[in-house]
$ cat coords-v7.pdb   # PDB, C-alpha atoms
ATOM      1  CA  MET A1290      33.167  25.413   8.112
ATOM      2  CA  SER A1291      30.739  23.779   5.687
ATOM      3  CA  LYS A1292      27.704  25.454   4.306
ATOM      4  CA  ARG A1293      24.343  23.930   5.224
ATOM      5  CA  LYS A1294      22.039  22.558   2.591
ATOM      6  CA  PRO A1295      19.170  24.862   1.649
ATOM      7  CA  HIS A1296      15.713  24.166   3.020
ATOM      8  CA  ASN A1297      13.812  21.679   0.844
ATOM      9  CA  MET A1298      10.094  21.883   1.576
ATOM     10  CA  ARG A1299       9.148  18.904  -0.633
ATOM     11  CA  ALA A1300      11.601  16.571   1.116
ATOM     12  CA  ARG A1301      10.414  17.805   4.500
ATOM     13  CA  LEU A1302       6.772  17.197   3.543
ATOM     14  CA  GLU A1303       7.559  13.670   2.310
ATOM     15  CA  ARG A1304       9.390  12.800   5.540
ATOM     16  CA  THR A1305       6.490  14.100   7.615
ATOM     17  CA  CYS A1306       3.912  12.173   5.579
ATOM     18  CA  ARG A1307       5.903   8.935   5.742
ATOM     19  CA  ALA A1308       6.216   9.318   9.515
ATOM     20  CA  LEU A1309       2.461   9.895   9.800
ATOM     21  CA  VAL A1310       1.670   6.801   7.722
ATOM     22  CA  SER A1311       4.155   4.676   9.648
ATOM     23  CA  ALA A1312       2.906   5.838  13.054
ATOM     24  CA  ASN A1313      -0.697   4.985  12.116
ATOM     25  CA  HIS A1314       0.248   1.588  10.565
ATOM     26  CA  ALA A1315      -1.864   2.499   7.542
ATOM     27  CA  ALA A1316      -2.818  -0.096   4.938
ATOM     28  CA  VAL A1317      -5.171   0.036   1.968
ATOM     29  CA  VAL A1318      -7.477  -3.008   1.840
ATOM     30  CA  ASN A1319      -9.512  -3.868  -1.251
ATOM     31  CA  ILE A1320     -12.130  -6.639  -1.307
ATOM     32  CA  ASP A1321     -13.817  -8.088  -4.397
ATOM     33  CA  PRO A1322     -16.578  -8.782  -5.550
ATOM     34  CA  SER A1323     -18.070  -5.986  -3.420
ATOM     35  CA  GLY A1324     -15.406  -3.503  -4.520
ATOM     36  CA  GLN A1325     -14.991  -2.230  -0.966
ATOM     37  CA  GLN A1326     -11.798  -0.273  -0.355
ATOM     38  CA  VAL A1327     -10.817   0.777   3.174
ATOM     39  CA  LEU A1328      -7.865   2.514   4.809
ATOM     40  CA  ILE A1329      -7.195   0.550   7.991
ATOM     41  CA  ASN A1330      -4.666   0.416  10.794
ATOM     42  CA  TRP A1331      -3.309  -3.093  10.207
ATOM     43  CA  LYS A1332      -2.040  -3.424  13.795
ATOM     44  CA  ASN A1333      -5.230  -2.627  15.759
ATOM     45  CA  LEU A1334      -7.700  -3.275  12.872
ATOM     46  CA  LYS A1335      -9.516   0.049  13.146
ATOM     47  CA  GLN A1336     -10.545   2.106  10.148
ATOM     48  CA  ILE A1337      -8.576   5.327   9.571
ATOM     49  CA  ARG A1338     -10.720   8.338   8.740
ATOM     50  CA  VAL A1339      -8.203  11.128   9.319
ATOM     51  CA  ARG A1340      -7.867  13.189   6.154
ATOM     52  CA  GLN A1341      -4.140  13.894   6.639
ATOM     53  CA  VAL A1342      -3.330  10.162   6.725
ATOM     54  CA  VAL A1343      -5.432   9.512   3.624
ATOM     55  CA  ASP A1344      -3.630  12.302   1.776
ATOM     56  CA  ALA A1345      -0.238  11.062   2.988
ATOM     57  CA  VAL A1346      -0.938   7.568   1.625
ATOM     58  CA  CYS A1347      -2.241   8.756  -1.742
ATOM     59  CA  ASP A1348      -0.130  11.807  -2.573
ATOM     60  CA  ILE A1349       3.393  10.766  -1.567
ATOM     61  CA  PRO A1350       5.472   7.960  -3.175
ATOM     62  CA  HIS A1351       6.157   5.046  -0.812
ATOM     63  CA  GLN A1352       8.020   1.739  -0.741
ATOM     64  CA  TRP A1353       5.025  -0.652  -0.917
ATOM     65  CA  THR A1354       4.382  -4.187   0.269
ATOM     66  CA  ILE A1355       1.332  -5.801  -1.359
ATOM     67  CA  TYR A1356      -0.315  -8.927   0.035
ATOM     68  CA  LEU A1357      -2.718 -10.524  -2.472
ATOM     69  CA  SER A1358      -5.114 -13.228  -1.341
ATOM     70  CA  VAL A1359      -7.978 -15.395  -2.562
ATOM     71  CA  LEU A1360     -10.442 -16.312   0.190
ATOM     72  CA  CYS A1361     -12.092 -19.699  -0.221
ATOM     73  CA  ARG A1362     -14.475 -21.988   1.637
ATOM     74  CA  ASP A1363     -14.422 -25.722   0.922
ATOM     75  CA  HIS A1364     -17.454 -28.015   0.694
ATOM     76  CA  LEU A1365     -17.231 -28.754   4.445
ATOM     77  CA  GLY A1366     -17.332 -25.032   5.318
ATOM     78  CA  ALA A1367     -13.684 -24.700   6.323
ATOM     79  CA  GLN A1368     -12.128 -21.364   5.428
ATOM     80  CA  TYR A1369      -8.760 -21.145   3.718
ATOM     81  CA  HIS A1370      -6.857 -18.652   1.607
ATOM     82  CA  GLU A1371      -4.135 -18.733  -1.007
ATOM     83  CA  SER A1372      -1.821 -15.765  -0.888
ATOM     84  CA  ILE A1373       1.317 -14.176  -2.276
ATOM     85  CA  GLU A1374       3.294 -11.140  -1.178
ATOM     86  CA  VAL A1375       4.810  -8.709  -3.659
ATOM     87  CA  ALA A1376       7.251  -5.898  -2.918
ATOM     88  CA  PRO A1377       7.904  -3.764  -6.018
ATOM     89  CA  GLN A1378      11.329  -2.148  -6.118
ATOM     90  CA  GLY A1379      11.358   1.635  -5.795
ATOM     91  CA  ASN A1380       8.970   4.271  -4.516
ATOM     92  CA  TYR A1381       5.537   4.484  -6.125
ATOM     93  CA  ARG A1382       2.444   6.576  -5.643
ATOM     94  CA  ALA A1383      -0.732   4.630  -4.885
ATOM     95  CA  GLU A1384      -2.199   5.296  -8.330
ATOM     96  CA  HIS A1385       0.790   3.693 -10.082
ATOM     97  CA  LEU A1386       0.413   0.315  -8.341
ATOM     98  CA  THR A1387      -2.488  -0.877 -10.482
ATOM     99  CA  ASP A1388      -0.275  -2.636 -13.065
ATOM    100  CA  VAL A1389       1.542  -4.688 -10.426
ATOM    101  CA  ILE A1390      -1.654  -5.552  -8.581
ATOM    102  CA  GLU A1391      -3.706  -6.465 -11.664
ATOM    103  CA  ALA A1392      -1.091  -8.813 -13.130
ATOM    104  CA  MET A1393      -0.559 -10.808  -9.948
ATOM    105  CA  TYR A1394      -4.208 -10.595  -8.893
ATOM    106  CA  SER A1395      -5.567 -12.128 -12.097
ATOM    107  CA  ASP A1396      -3.048 -15.011 -11.927
ATOM    108  CA  LEU A1397      -3.980 -15.752  -8.322
ATOM    109  CA  ARG A1398      -7.714 -15.747  -9.065
ATOM    110  CA  ALA A1399      -7.228 -17.980 -12.114
ATOM    111  CA  ASN A1400      -5.394 -20.605 -10.037
ATOM    112  CA  ALA A1401      -8.067 -20.730  -7.303
ATOM    113  CA  ASN A1402     -10.858 -23.306  -7.273
ATOM    114  CA  PRO A1403     -13.915 -21.455  -8.663
ATOM    115  CA  ASN A1404     -16.309 -23.641  -6.649
ATOM    116  CA  HIS A1405     -14.650 -22.604  -3.379
ATOM    117  CA  LEU A1406     -14.095 -18.920  -4.182
ATOM    118  CA  VAL A1407     -15.825 -16.573  -1.723
ATOM    119  CA  ALA A1408     -13.871 -13.359  -2.229
ATOM    120  CA  SER A1409     -10.497 -12.016  -3.181
ATOM    121  CA  GLY A1410      -8.595  -9.007  -2.024
ATOM    122  CA  TRP A1411      -5.306  -7.290  -1.415
ATOM    123  CA  ILE A1412      -3.607  -5.377   1.356
ATOM    124  CA  ALA A1413      -1.197  -2.624   0.279
ATOM    125  CA  ILE A1414       1.050  -1.334   3.053
ATOM    126  CA  PRO A1415       3.068   1.822   2.254
ATOM    127  CA  THR A1416       6.147   0.676   4.179
ATOM    128  CA  ASP A1417       8.763  -1.977   3.535
ATOM    129  CA  THR A1418       7.471  -4.738   5.818
ATOM    130  CA  THR A1419       6.192  -8.288   5.677
ATOM    131  CA  VAL A1420       2.728  -9.514   6.587
ATOM    132  CA  ASP A1421       2.232 -12.997   7.982
ATOM    133  CA  GLU A1422      -0.841 -15.085   7.143
ATOM    134  CA  ALA A1423      -2.406 -14.747  10.593
ATOM    135  CA  GLN A1424      -2.254 -10.938  10.524
ATOM    136  CA  ALA A1425      -3.614 -10.823   6.964
ATOM    137  CA  ALA A1426      -6.497 -13.108   7.955
ATOM    138  CA  LYS A1427      -7.346 -10.768  10.842
ATOM    139  CA  VAL A1428      -7.331  -7.763   8.503
ATOM    140  CA  PHE A1429      -9.598  -9.483   5.967
ATOM    141  CA  ALA A1430     -11.969 -10.588   8.735
ATOM    142  CA  ALA A1431     -12.059  -7.052  10.179
ATOM    143  CA  VAL A1432     -13.254  -5.564   6.871
ATOM    144  CA  GLY A1433     -15.872  -8.299   6.382
ATOM    145  CA  ALA A1434     -14.354 -10.220   3.493
ATOM    146  CA  TRP A1435     -15.790 -13.582   4.606
ATOM    147  CA  ASN A1436     -19.348 -12.226   4.866
ATOM    148  CA  GLN A1437     -19.815 -11.642   1.144
ATOM    149  CA  GLN A1438     -21.895 -13.514  -1.364
ATOM    150  CA  LYS A1439     -20.101 -16.196  -3.345
ATOM    151  CA  ALA A1440     -18.423 -14.825  -6.466
ATOM    152  CA  ALA A1441     -19.844 -15.907  -9.809
TER     153      ALA A1441
END

$ encode --input "coords-v7.pdb" --output "structure tokens"
Amino acid sequence: MSKRKPHNMRARLERTCRALVSANHAAVVNIDPSGQQVLINWKNLKQIRVRQVVDAVCDIPHQWTIYLSVLCRDHLGAQYHESIEVAPQGNYRAEHLTDVIEAMYSDLRANANPNHLVASGWIAIPTDTTVDEAQAAKVFAAVGAWNQQKAA
């Protein structure tokens, strides 16, 4: 008969937090130039205000998927966006993602047409998933990214 593994409270807490984040389809959305940052359910597009979910996203390392986008409007008024998706290898806490986001984010903004630029933003999802362009557009529209003043 084998001996059971001892109780590991940290591992249990991490599993519980990951399940909570996954069940709520949590995603961190950041929009520039306003600097607005929102925790949103990326499936039903409602803002998450539950403290336990916020803590679970910020305090526990996750396998992240980051969708970076530049939102533009051409001279005829048609909206379009240029986007890339990044999935860093390994588990990271939310505070350690800034290096990955900043490097890719600055390259994406530099390649966009400055005359068409309305806003830019990113969606960070703490699960290993992919986001299609239609879903990302809905998320950006839900947080009001298109209703900002034109960036300088």

$ resolve_selection --input "coords-v7.pdb" --expression "the PyMOL selection byres ((chain A and resi 1295-1302) around 12)" --output "number ranges by chain"
A: 1292-1294, 1303-1309, 1341, 1344-1345, 1348-1350

$ write_last_selection --input "coords-v7.pdb" --atoms "C-alpha atoms" --output "PDB file, keeping the file's coordinate frame"
ATOM      1  CA  LYS A1292      27.704  25.454   4.306  1.00  0.00           C
ATOM      2  CA  ARG A1293      24.343  23.930   5.224  1.00  0.00           C
ATOM      3  CA  LYS A1294      22.039  22.558   2.591  1.00  0.00           C
ATOM      4  CA  GLU A1303       7.559  13.670   2.310  1.00  0.00           C
ATOM      5  CA  ARG A1304       9.390  12.800   5.540  1.00  0.00           C
ATOM      6  CA  THR A1305       6.490  14.100   7.615  1.00  0.00           C
ATOM      7  CA  CYS A1306       3.912  12.173   5.579  1.00  0.00           C
ATOM      8  CA  ARG A1307       5.903   8.935   5.742  1.00  0.00           C
ATOM      9  CA  ALA A1308       6.216   9.318   9.515  1.00  0.00           C
ATOM     10  CA  LEU A1309       2.461   9.895   9.800  1.00  0.00           C
ATOM     11  CA  GLN A1341      -4.140  13.894   6.639  1.00  0.00           C
ATOM     12  CA  ASP A1344      -3.630  12.302   1.776  1.00  0.00           C
ATOM     13  CA  ALA A1345      -0.238  11.062   2.988  1.00  0.00           C
ATOM     14  CA  ASP A1348      -0.130  11.807  -2.573  1.00  0.00           C
ATOM     15  CA  ILE A1349       3.393  10.766  -1.567  1.00  0.00           C
ATOM     16  CA  PRO A1350       5.472   7.960  -3.175  1.00  0.00           C
TER      17      PRO A1350
END

$ resolve_selection --input "coords-v7.pdb" --expression "the PyMOL selection byres ((chain A and resi 1329) around 10)" --output "number ranges by chain"
A: 1313-1318, 1326-1328, 1330-1338, 1412, 1414, 1428, 1431-1432

$ closest_residue --input "coords-v7.pdb" --among "A:Leu1365, A:Ile1390, A:Leu1360, A:Val1310" --to "Val1343 of chain A" --atoms "only C-alpha atoms"
A:Val1310

$ atom_distance --input "coords-v7.pdb" --atom1 "atom CA of Thr1416 of chain A" --atom2 "atom CA of Ser1323 of chain A"
26.2 Å

$ resolve_selection --input "coords-v7.pdb" --expression "the PyMOL selection byres ((chain A and resi 1373-1376) around 9)" --output "ChimeraX atom specification"
/A:1352-1358,1371-1372,1377-1378,1389-1390,1393,1397,1417-1420

$ closest_residue --input "coords-v7.pdb" --among "A:Ala1423, A:Arg1362, A:Ala1367, A:Thr1387" --to "Asn1402 of chain A" --atoms "all atoms listed in the file"
A:Arg1362

$ axis_aligned_box --input "coords-v7.pdb" --around "segment 1332-1342 of chain A" --padding-each-side "4 Å" --output "lines of an AutoDock Vina configuration file"
center_x = -6.4
center_y = 5.2
center_z = 11.0
size_x = 16.7
size_y = 25.3
size_z = 17.6
